[in-house]
Amino acid sequence: MFRIYLLLLFLVSQLQAQKIMIIPPNLQKGDTIAILATARKNNADNLKPAINLAKSWGLNVVIGKTIGLSDHQLAGTDEQRAADFQDMMDKPNIKAIWCVRGGYGTARMIELVDFSKFKEKPKWIIGFSDVTVLHSHLNKENIATIHGIMPFNVEKATAEAEETLRKALFGEELKYTVPFQKENKLGVAEGELVGGNLSILYSMMGSQSQIDCKGKILFIEDLDEYLYHIDRMILSLRRCGCFEGLQGMVVGSFTKMHDNEIPWGKNVHEIVLDITKKFSFPIVFDFPSGHIHNNKTLIFGKKVSLEINQKETILKY
């Protein structure tokens, strides 16, 4: 009997150790979504394209209290932004939260947010750039999130980018075929997709929101950075063990990169390949997601298959 008891304890501990990712419910026509700010300030006068887009999908829109608030660069104080986010998370009639824009500030409020009710009844959190703080933090809480266009970007977003967000929200199939890039590292991989903005991932190292890469496929993108700093950040990911057990890497858009008067000597592709050269996982470059108009939607926390061959790259859920 004692041996059976020990076996049962072992089996229970193994089940508890397994990470079961929670996928929020798909949206339905008639559902209500909230637009709010977790970072940089934003007025309501540029939200009409996003509101019209959501309504064209059959959704209702509620505007958060942070829209129009101002605390220097931020959409109100940390406490105001956290309270607005908390309110929309806890309201049962709100089925998704669409972060209005990035910038900086989400990390300043996240420790003020109580996710206990949200974990019981999760809903989609949508955004990219600084919203990576929420993506990574909620991934550690085993809740999937959506990396996609934000209300601030809708007016300039491509119709294709908009359609991929709709598909993600309503639970339709997402599959991407990307043209071959000569720098790609060929191979096949499968795993949970995680990641986001490289600068934000780098800034969260050592915190409770630090990304967990083991057994996963990592997506990275960035904007307006110096090449030497890209090298520093990717090197830091390696030194923190992020590439140990990584199954694959998806390198998105690296837009408006800068160099010093004395050049760094490598572009983004070369930096990635140099720092990851001792690893065998496949890598695809120039995946259309990030700070670009054609910002394709990704679901972080869901399993994807990745095939990189000499003709094309296929990523599908």
# chains A, B, ... in the order shown; residues from 1 in each chain; ligands from 1
>>> residues_around(residues="A:Glu270", least_positions_apart="5", cutoff="12 Å", atoms="only C-alpha atoms", output="PyMOL selection string")
chain A and resi 182-185+227-228+230-231+234+251+264-265+275-277+283+285
>>> residues_around(residues="A:Leu134", least_positions_apart="5", cutoff="9 Å", atoms="only C-alpha atoms", output="ChimeraX atom specification")
/A:106-107,110,125,139,145,209
>>> write_last_selection(atoms="all heavy atoms", output="short mmCIF file (atom, residue, chain, number, x, y, z; two decimals), in the first residue's frame")
data_model
loop_
_atom_site.label_atom_id
_atom_site.label_comp_id
_atom_site.auth_asym_id
_atom_site.auth_seq_id
_atom_site.Cartn_x
_atom_site.Cartn_y
_atom_site.Cartn_z
N THR A 106 4.08 49.68 -19.44
CA THR A 106 3.35 48.51 -18.97
C THR A 106 4.06 47.84 -17.80
O THR A 106 3.41 47.40 -16.84
CB THR A 106 3.15 47.50 -20.11
OG1 THR A 106 2.57 48.17 -21.24
CG2 THR A 106 2.22 46.38 -19.69
N ALA A 107 5.38 47.80 -17.83
CA ALA A 107 6.14 47.19 -16.73
C ALA A 107 5.95 47.95 -15.43
O ALA A 107 6.06 47.37 -14.34
CB ALA A 107 7.62 47.12 -17.10
N ILE A 110 2.41 46.57 -13.95
CA ILE A 110 2.02 45.16 -13.90
C ILE A 110 2.02 44.60 -12.48
O ILE A 110 1.21 43.75 -12.13
CB ILE A 110 2.89 44.31 -14.84
CG1 ILE A 110 2.22 42.95 -15.06
CG2 ILE A 110 4.32 44.16 -14.32
CD1 ILE A 110 2.77 42.17 -16.21
N ILE A 125 -5.87 39.21 -24.47
CA ILE A 125 -5.13 40.47 -24.36
C ILE A 125 -4.41 40.66 -25.69
O ILE A 125 -3.67 39.78 -26.14
CB ILE A 125 -4.10 40.43 -23.21
CG1 ILE A 125 -4.79 40.06 -21.89
CG2 ILE A 125 -3.37 41.76 -23.11
CD1 ILE A 125 -5.82 41.05 -21.41
N ASN A 139 2.17 34.41 -20.16
CA ASN A 139 2.65 33.10 -20.58
C ASN A 139 3.15 32.30 -19.38
O ASN A 139 2.95 31.09 -19.29
CB ASN A 139 3.76 33.24 -21.63
CG ASN A 139 4.19 31.90 -22.18
OD1 ASN A 139 5.18 31.32 -21.74
ND2 ASN A 139 3.46 31.40 -23.16
N THR A 145 -2.01 34.71 -25.34
CA THR A 145 -2.29 36.10 -25.67
C THR A 145 -2.09 36.31 -27.17
O THR A 145 -1.53 35.45 -27.86
CB THR A 145 -1.35 37.05 -24.90
OG1 THR A 145 0.02 36.68 -25.18
CG2 THR A 145 -1.58 36.98 -23.40
N SER A 209 8.51 38.16 -14.70
CA SER A 209 7.93 38.13 -16.04
C SER A 209 8.92 37.66 -17.09
O SER A 209 8.62 37.71 -18.28
CB SER A 209 7.41 39.52 -16.43
OG SER A 209 6.52 40.02 -15.46
#
>>> select_by_dssp(residues="stretch 27-215 of chain A", states="strand (DSSP E or B)", output="JSON, numbers by chain")
{"A": [32, 33, 34, 35, 36, 40, 60, 61, 62, 63, 71, 74, 94, 95, 96, 97, 98, 99, 124, 125, 126, 143, 145, 146, 147, 175, 176, 177, 178, 179, 185, 187, 188, 189, 190, 191, 192, 193, 194, 195, 196, 197]}
>>> atom_distance(atom1="atom CA of A:Ala44", atom2="atom CA of A:Leu169")
23.1 Å
>>> residues_around(residues="A:Ile292", least_positions_apart="3", cutoff="12 Å", atoms="only C-alpha atoms", output="list in words")
Phe128, Ser129, Gly148, Ile149, Met150, Asn153, Val154, Lys156, Ala157, Thr158, Ala161, Glu221, Asp222, Leu223, Gly252, Ser253, Phe254, Thr255, Lys256, Asp286, Phe287, Pro288, Ser289, Asn295, Lys296 and Thr297 of chain A
>>> write_last_selection(atoms="N, CA, C and O atoms", output="mmCIF file, in the first residue's frame")
data_model
loop_
_atom_site.group_PDB
_atom_site.id
_atom_site.type_symbol
_atom_site.label_atom_id
_atom_site.label_comp_id
_atom_site.auth_asym_id
_atom_site.auth_seq_id
_atom_site.Cartn_x
_atom_site.Cartn_y
_atom_site.Cartn_z
ATOM 1 N N PHE A 128 1.174 44.592 -29.200
ATOM 2 C CA PHE A 128 2.567 44.209 -29.431
ATOM 3 C C PHE A 128 3.462 45.290 -28.859
ATOM 4 O O PHE A 128 3.016 46.139 -28.083
ATOM 5 N N SER A 129 4.750 45.252 -29.165
ATOM 6 C CA SER A 129 5.710 46.234 -28.671
ATOM 7 C C SER A 129 5.763 46.194 -27.145
ATOM 8 O O SER A 129 6.077 45.148 -26.566
ATOM 9 N N GLY A 148 -0.578 41.391 -32.048
ATOM 10 C CA GLY A 148 -1.144 41.893 -33.294
ATOM 11 C C GLY A 148 -1.302 43.397 -33.282
ATOM 12 O O GLY A 148 -0.906 44.066 -32.318
ATOM 13 N N ILE A 149 -1.871 43.919 -34.349
ATOM 14 C CA ILE A 149 -2.024 45.361 -34.492
ATOM 15 C C ILE A 149 -2.821 45.946 -33.329
ATOM 16 O O ILE A 149 -3.634 45.269 -32.712
ATOM 17 N N MET A 150 -2.574 47.223 -33.046
ATOM 18 C CA MET A 150 -3.265 47.927 -31.970
ATOM 19 C C MET A 150 -4.105 49.060 -32.553
ATOM 20 O O MET A 150 -3.893 49.473 -33.700
ATOM 21 N N ASN A 153 -2.542 51.745 -34.537
ATOM 22 C CA ASN A 153 -1.940 51.372 -35.818
ATOM 23 C C ASN A 153 -2.946 51.025 -36.905
ATOM 24 O O ASN A 153 -2.561 50.842 -38.062
ATOM 25 N N VAL A 154 -4.215 50.899 -36.553
ATOM 26 C CA VAL A 154 -5.202 50.358 -37.495
ATOM 27 C C VAL A 154 -5.275 51.155 -38.792
ATOM 28 O O VAL A 154 -5.359 50.584 -39.883
ATOM 29 N N LYS A 156 -3.126 52.631 -40.530
ATOM 30 C CA LYS A 156 -2.048 52.357 -41.481
ATOM 31 C C LYS A 156 -1.829 50.862 -41.711
ATOM 32 O O LYS A 156 -0.999 50.487 -42.538
ATOM 33 N N ALA A 157 -2.548 50.018 -40.977
ATOM 34 C CA ALA A 157 -2.358 48.573 -41.119
ATOM 35 C C ALA A 157 -2.915 48.082 -42.441
ATOM 36 O O ALA A 157 -3.888 48.628 -42.974
ATOM 37 N N THR A 158 -2.305 47.028 -42.976
ATOM 38 C CA THR A 158 -2.823 46.427 -44.199
ATOM 39 C C THR A 158 -4.102 45.658 -43.896
ATOM 40 O O THR A 158 -4.350 45.240 -42.765
ATOM 41 N N ALA A 161 -3.231 42.320 -42.437
ATOM 42 C CA ALA A 161 -2.923 42.335 -41.006
ATOM 43 C C ALA A 161 -4.211 42.374 -40.187
ATOM 44 O O ALA A 161 -4.351 41.675 -39.167
ATOM 45 N N GLU A 221 11.267 40.707 -32.462
ATOM 46 C CA GLU A 221 11.212 41.845 -33.403
ATOM 47 C C GLU A 221 11.655 43.082 -32.633
ATOM 48 O O GLU A 221 11.679 43.085 -31.410
ATOM 49 N N ASP A 222 12.007 44.158 -33.369
ATOM 50 C CA ASP A 222 12.372 45.396 -32.676
ATOM 51 C C ASP A 222 12.347 46.581 -33.622
ATOM 52 O O ASP A 222 12.214 46.428 -34.843
ATOM 53 N N LEU A 223 12.459 47.761 -33.024
ATOM 54 C CA LEU A 223 12.347 49.027 -33.748
ATOM 55 C C LEU A 223 13.348 50.033 -33.199
ATOM 56 O O LEU A 223 13.560 50.117 -31.981
ATOM 57 N N GLY A 252 11.258 38.421 -36.715
ATOM 58 C CA GLY A 252 10.338 39.302 -37.403
ATOM 59 C C GLY A 252 11.015 40.544 -37.937
ATOM 60 O O GLY A 252 12.220 40.546 -38.223
ATOM 61 N N SER A 253 10.275 41.626 -38.039
ATOM 62 C CA SER A 253 10.825 42.855 -38.602
ATOM 63 C C SER A 253 11.738 43.549 -37.599
ATOM 64 O O SER A 253 11.399 43.680 -36.418
ATOM 65 N N PHE A 254 12.878 43.979 -38.065
ATOM 66 C CA PHE A 254 13.784 44.834 -37.290
ATOM 67 C C PHE A 254 13.876 46.134 -38.079
ATOM 68 O O PHE A 254 14.643 46.274 -39.019
ATOM 69 N N THR A 255 13.021 47.077 -37.671
ATOM 70 C CA THR A 255 12.766 48.285 -38.454
ATOM 71 C C THR A 255 13.582 49.463 -37.940
ATOM 72 O O THR A 255 13.741 49.637 -36.734
ATOM 73 N N LYS A 256 14.077 50.272 -38.880
ATOM 74 C CA LYS A 256 14.816 51.499 -38.555
ATOM 75 C C LYS A 256 16.013 51.227 -37.640
ATOM 76 O O LYS A 256 16.185 51.875 -36.601
ATOM 77 N N ASP A 286 12.947 37.694 -41.465
ATOM 78 C CA ASP A 286 11.999 38.567 -42.164
ATOM 79 C C ASP A 286 10.570 38.039 -42.135
ATOM 80 O O ASP A 286 9.798 38.203 -43.100
ATOM 81 N N PHE A 287 10.176 37.440 -41.014
ATOM 82 C CA PHE A 287 8.782 37.050 -40.855
ATOM 83 C C PHE A 287 7.953 38.331 -40.708
ATOM 84 O O PHE A 287 8.319 39.231 -39.952
ATOM 85 N N PRO A 288 6.833 38.446 -41.425
ATOM 86 C CA PRO A 288 6.086 39.717 -41.463
ATOM 87 C C PRO A 288 5.256 39.977 -40.203
ATOM 88 O O PRO A 288 4.025 39.905 -40.200
ATOM 89 N N SER A 289 5.943 40.326 -39.135
ATOM 90 C CA SER A 289 5.258 40.664 -37.890
ATOM 91 C C SER A 289 6.159 41.593 -37.091
ATOM 92 O O SER A 289 7.368 41.383 -37.017
ATOM 93 N N ASN A 295 1.593 43.850 -40.206
ATOM 94 C CA ASN A 295 1.938 43.175 -38.955
ATOM 95 C C ASN A 295 1.013 41.979 -38.741
ATOM 96 O O ASN A 295 -0.069 42.101 -38.180
ATOM 97 N N LYS A 296 1.459 40.797 -39.175
ATOM 98 C CA LYS A 296 0.630 39.597 -39.091
ATOM 99 C C LYS A 296 0.463 39.171 -37.627
ATOM 100 O O LYS A 296 1.392 39.247 -36.828
ATOM 101 N N THR A 297 -0.703 38.676 -37.323
ATOM 102 C CA THR A 297 -1.052 38.286 -35.960
ATOM 103 C C THR A 297 -0.441 36.945 -35.585
ATOM 104 O O THR A 297 -0.463 35.986 -36.365
#
>>> atom_distance(atom1="atom CA of A:Arg166", atom2="atom CA of A:Gly102")
20.1 Å
>>> closest_residue(among="A:Met109, A:Leu59, A:Leu138, A:Ala168", to="A:Gln208", atoms="only C-alpha atoms")
A:Leu138
>>> residues_around(residues="A:Arg232", least_positions_apart="5", cutoff="12 Å", atoms="only C-alpha atoms", output="PyMOL selection string")
chain A and resi 198-199+202-203+225-227+237-239+264+268+271-272+275
>>> write_last_selection(atoms="C-alpha atoms", output="PDB file, in the first residue's frame")
ATOM      1  CA  LEU A 198      13.396  42.038 -28.088  1.00  0.00           C
ATOM      2  CA  SER A 199      14.094  45.181 -26.042  1.00  0.00           C
ATOM      3  CA  TYR A 202      15.714  41.910 -22.482  1.00  0.00           C
ATOM      4  CA  SER A 203      14.390  44.405 -19.915  1.00  0.00           C
ATOM      5  CA  GLU A 225      17.737  50.246 -32.114  1.00  0.00           C
ATOM      6  CA  TYR A 226      21.475  50.306 -32.633  1.00  0.00           C
ATOM      7  CA  LEU A 227      23.009  47.169 -34.110  1.00  0.00           C
ATOM      8  CA  LEU A 237      19.263  35.828 -24.102  1.00  0.00           C
ATOM      9  CA  ARG A 238      21.887  33.186 -24.831  1.00  0.00           C
ATOM     10  CA  ARG A 239      23.739  33.780 -21.573  1.00  0.00           C
ATOM     11  CA  TRP A 264      29.281  47.335 -35.819  1.00  0.00           C
ATOM     12  CA  VAL A 268      20.617  41.761 -37.743  1.00  0.00           C
ATOM     13  CA  ILE A 271      24.152  38.979 -35.483  1.00  0.00           C
ATOM     14  CA  VAL A 272      21.514  36.305 -34.872  1.00  0.00           C
ATOM     15  CA  ILE A 275      25.291  34.307 -31.516  1.00  0.00           C
TER      16      ILE A 275
END
>>> residues_around(residues="A:Asp31", least_positions_apart="6", cutoff="10 Å", atoms="only C-alpha atoms", output="VMD selection string")
chain A and resid 57 to 61 93 to 96
>>> decode(residues="stretch 153-255 of chain A", atoms="C-alpha atoms", output="PDB file, in the first residue's frame")
ATOM      1  CA  ASN A 153      -1.940  51.372 -35.818  1.00  0.00           C
ATOM      2  CA  VAL A 154      -5.202  50.358 -37.495  1.00  0.00           C
ATOM      3  CA  GLU A 155      -5.397  53.298 -39.893  1.00  0.00           C
ATOM      4  CA  LYS A 156      -2.048  52.357 -41.481  1.00  0.00           C
ATOM      5  CA  ALA A 157      -2.358  48.573 -41.119  1.00  0.00           C
ATOM      6  CA  THR A 158      -2.823  46.427 -44.199  1.00  0.00           C
ATOM      7  CA  ALA A 159      -6.116  44.663 -44.786  1.00  0.00           C
ATOM      8  CA  GLU A 160      -4.226  41.391 -44.456  1.00  0.00           C
ATOM      9  CA  ALA A 161      -2.923  42.335 -41.006  1.00  0.00           C
ATOM     10  CA  GLU A 162      -6.456  43.250 -39.933  1.00  0.00           C
ATOM     11  CA  GLU A 163      -7.846  39.987 -41.244  1.00  0.00           C
ATOM     12  CA  THR A 164      -5.279  37.888 -39.361  1.00  0.00           C
ATOM     13  CA  LEU A 165      -6.322  39.587 -36.119  1.00  0.00           C
ATOM     14  CA  ARG A 166      -9.972  38.826 -36.843  1.00  0.00           C
ATOM     15  CA  LYS A 167      -9.132  35.186 -37.514  1.00  0.00           C
ATOM     16  CA  ALA A 168      -7.184  34.892 -34.269  1.00  0.00           C
ATOM     17  CA  LEU A 169      -9.982  36.430 -32.206  1.00  0.00           C
ATOM     18  CA  PHE A 170     -12.738  34.330 -33.765  1.00  0.00           C
ATOM     19  CA  GLY A 171     -10.791  31.067 -33.676  1.00  0.00           C
ATOM     20  CA  GLU A 172     -10.221  30.604 -37.399  1.00  0.00           C
ATOM     21  CA  GLU A 173      -7.169  28.899 -38.872  1.00  0.00           C
ATOM     22  CA  LEU A 174      -3.904  30.841 -38.987  1.00  0.00           C
ATOM     23  CA  LYS A 175      -1.283  29.703 -41.460  1.00  0.00           C
ATOM     24  CA  TYR A 176       1.574  31.740 -42.935  1.00  0.00           C
ATOM     25  CA  THR A 177       3.794  31.077 -45.932  1.00  0.00           C
ATOM     26  CA  VAL A 178       6.900  33.271 -46.118  1.00  0.00           C
ATOM     27  CA  PRO A 179       9.291  33.537 -49.095  1.00  0.00           C
ATOM     28  CA  PHE A 180      12.706  31.895 -48.770  1.00  0.00           C
ATOM     29  CA  GLN A 181      15.568  33.951 -47.333  1.00  0.00           C
ATOM     30  CA  LYS A 182      19.120  32.840 -48.060  1.00  0.00           C
ATOM     31  CA  GLU A 183      20.180  33.397 -44.440  1.00  0.00           C
ATOM     32  CA  ASN A 184      17.483  31.060 -43.104  1.00  0.00           C
ATOM     33  CA  LYS A 185      18.601  28.041 -41.113  1.00  0.00           C
ATOM     34  CA  LEU A 186      16.623  25.145 -42.561  1.00  0.00           C
ATOM     35  CA  GLY A 187      14.714  22.638 -40.480  1.00  0.00           C
ATOM     36  CA  VAL A 188      11.429  21.571 -38.948  1.00  0.00           C
ATOM     37  CA  ALA A 189      10.235  22.380 -35.437  1.00  0.00           C
ATOM     38  CA  GLU A 190       7.149  22.215 -33.283  1.00  0.00           C
ATOM     39  CA  GLY A 191       6.424  23.946 -30.019  1.00  0.00           C
ATOM     40  CA  GLU A 192       4.617  26.695 -28.176  1.00  0.00           C
ATOM     41  CA  LEU A 193       5.245  30.124 -29.695  1.00  0.00           C
ATOM     42  CA  VAL A 194       6.494  32.789 -27.275  1.00  0.00           C
ATOM     43  CA  GLY A 195       8.299  36.122 -27.483  1.00  0.00           C
ATOM     44  CA  GLY A 196       7.657  39.646 -28.671  1.00  0.00           C
ATOM     45  CA  ASN A 197       9.717  42.798 -28.700  1.00  0.00           C
ATOM     46  CA  LEU A 198      13.396  42.038 -28.088  1.00  0.00           C
ATOM     47  CA  SER A 199      14.094  45.181 -26.042  1.00  0.00           C
ATOM     48  CA  ILE A 200      11.182  44.382 -23.713  1.00  0.00           C
ATOM     49  CA  LEU A 201      12.199  40.731 -23.351  1.00  0.00           C
ATOM     50  CA  TYR A 202      15.714  41.910 -22.482  1.00  0.00           C
ATOM     51  CA  SER A 203      14.390  44.405 -19.915  1.00  0.00           C
ATOM     52  CA  MET A 204      12.428  41.694 -18.068  1.00  0.00           C
ATOM     53  CA  MET A 205      15.368  39.372 -17.461  1.00  0.00           C
ATOM     54  CA  GLY A 206      15.619  38.487 -13.800  1.00  0.00           C
ATOM     55  CA  SER A 207      12.009  39.510 -13.077  1.00  0.00           C
ATOM     56  CA  GLN A 208       8.994  37.281 -12.483  1.00  0.00           C
ATOM     57  CA  SER A 209       7.931  38.127 -16.040  1.00  0.00           C
ATOM     58  CA  GLN A 210      11.123  36.767 -17.638  1.00  0.00           C
ATOM     59  CA  ILE A 211      10.434  34.688 -20.730  1.00  0.00           C
ATOM     60  CA  ASP A 212      10.575  30.898 -20.527  1.00  0.00           C
ATOM     61  CA  CYS A 213      12.014  29.506 -23.762  1.00  0.00           C
ATOM     62  CA  LYS A 214      12.616  25.845 -22.959  1.00  0.00           C
ATOM     63  CA  GLY A 215      11.060  23.565 -25.547  1.00  0.00           C
ATOM     64  CA  LYS A 216       9.491  26.495 -27.367  1.00  0.00           C
ATOM     65  CA  ILE A 217       9.757  28.538 -30.561  1.00  0.00           C
ATOM     66  CA  LEU A 218      10.912  32.101 -29.962  1.00  0.00           C
ATOM     67  CA  PHE A 219       9.667  35.123 -31.924  1.00  0.00           C
ATOM     68  CA  ILE A 220      11.575  38.428 -31.750  1.00  0.00           C
ATOM     69  CA  GLU A 221      11.212  41.845 -33.403  1.00  0.00           C
ATOM     70  CA  ASP A 222      12.372  45.396 -32.676  1.00  0.00           C
ATOM     71  CA  LEU A 223      12.347  49.027 -33.748  1.00  0.00           C
ATOM     72  CA  ASP A 224      14.732  51.978 -33.707  1.00  0.00           C
ATOM     73  CA  GLU A 225      17.737  50.246 -32.114  1.00  0.00           C
ATOM     74  CA  TYR A 226      21.475  50.306 -32.633  1.00  0.00           C
ATOM     75  CA  LEU A 227      23.009  47.169 -34.110  1.00  0.00           C
ATOM     76  CA  TYR A 228      25.527  46.785 -31.289  1.00  0.00           C
ATOM     77  CA  HIS A 229      22.636  46.822 -28.820  1.00  0.00           C
ATOM     78  CA  ILE A 230      20.802  44.143 -30.808  1.00  0.00           C
ATOM     79  CA  ASP A 231      23.962  42.068 -30.406  1.00  0.00           C
ATOM     80  CA  ARG A 232      24.012  42.788 -26.656  1.00  0.00           C
ATOM     81  CA  MET A 233      20.387  41.782 -26.162  1.00  0.00           C
ATOM     82  CA  ILE A 234      20.522  38.550 -28.158  1.00  0.00           C
ATOM     83  CA  LEU A 235      23.787  37.633 -26.442  1.00  0.00           C
ATOM     84  CA  SER A 236      22.053  38.192 -23.090  1.00  0.00           C
ATOM     85  CA  LEU A 237      19.263  35.828 -24.102  1.00  0.00           C
ATOM     86  CA  ARG A 238      21.887  33.186 -24.831  1.00  0.00           C
ATOM     87  CA  ARG A 239      23.739  33.780 -21.573  1.00  0.00           C
ATOM     88  CA  CYS A 240      20.480  33.508 -19.621  1.00  0.00           C
ATOM     89  CA  GLY A 241      19.922  30.047 -21.082  1.00  0.00           C
ATOM     90  CA  CYS A 242      17.069  31.007 -23.401  1.00  0.00           C
ATOM     91  CA  PHE A 243      18.535  29.075 -26.320  1.00  0.00           C
ATOM     92  CA  GLU A 244      19.088  25.868 -24.356  1.00  0.00           C
ATOM     93  CA  GLY A 245      16.317  23.546 -25.474  1.00  0.00           C
ATOM     94  CA  LEU A 246      14.845  26.117 -27.857  1.00  0.00           C
ATOM     95  CA  GLN A 247      13.098  24.392 -30.765  1.00  0.00           C
ATOM     96  CA  GLY A 248      13.185  27.204 -33.316  1.00  0.00           C
ATOM     97  CA  MET A 249      13.419  30.958 -33.854  1.00  0.00           C
ATOM     98  CA  VAL A 250      11.220  33.322 -35.845  1.00  0.00           C
ATOM     99  CA  VAL A 251      12.899  36.661 -36.530  1.00  0.00           C
ATOM    100  CA  GLY A 252      10.338  39.302 -37.403  1.00  0.00           C
ATOM    101  CA  SER A 253      10.825  42.855 -38.602  1.00  0.00           C
ATOM    102  CA  PHE A 254      13.784  44.834 -37.290  1.00  0.00           C
ATOM    103  CA  THR A 255      12.766  48.285 -38.454  1.00  0.00           C
TER     104      THR A 255
END
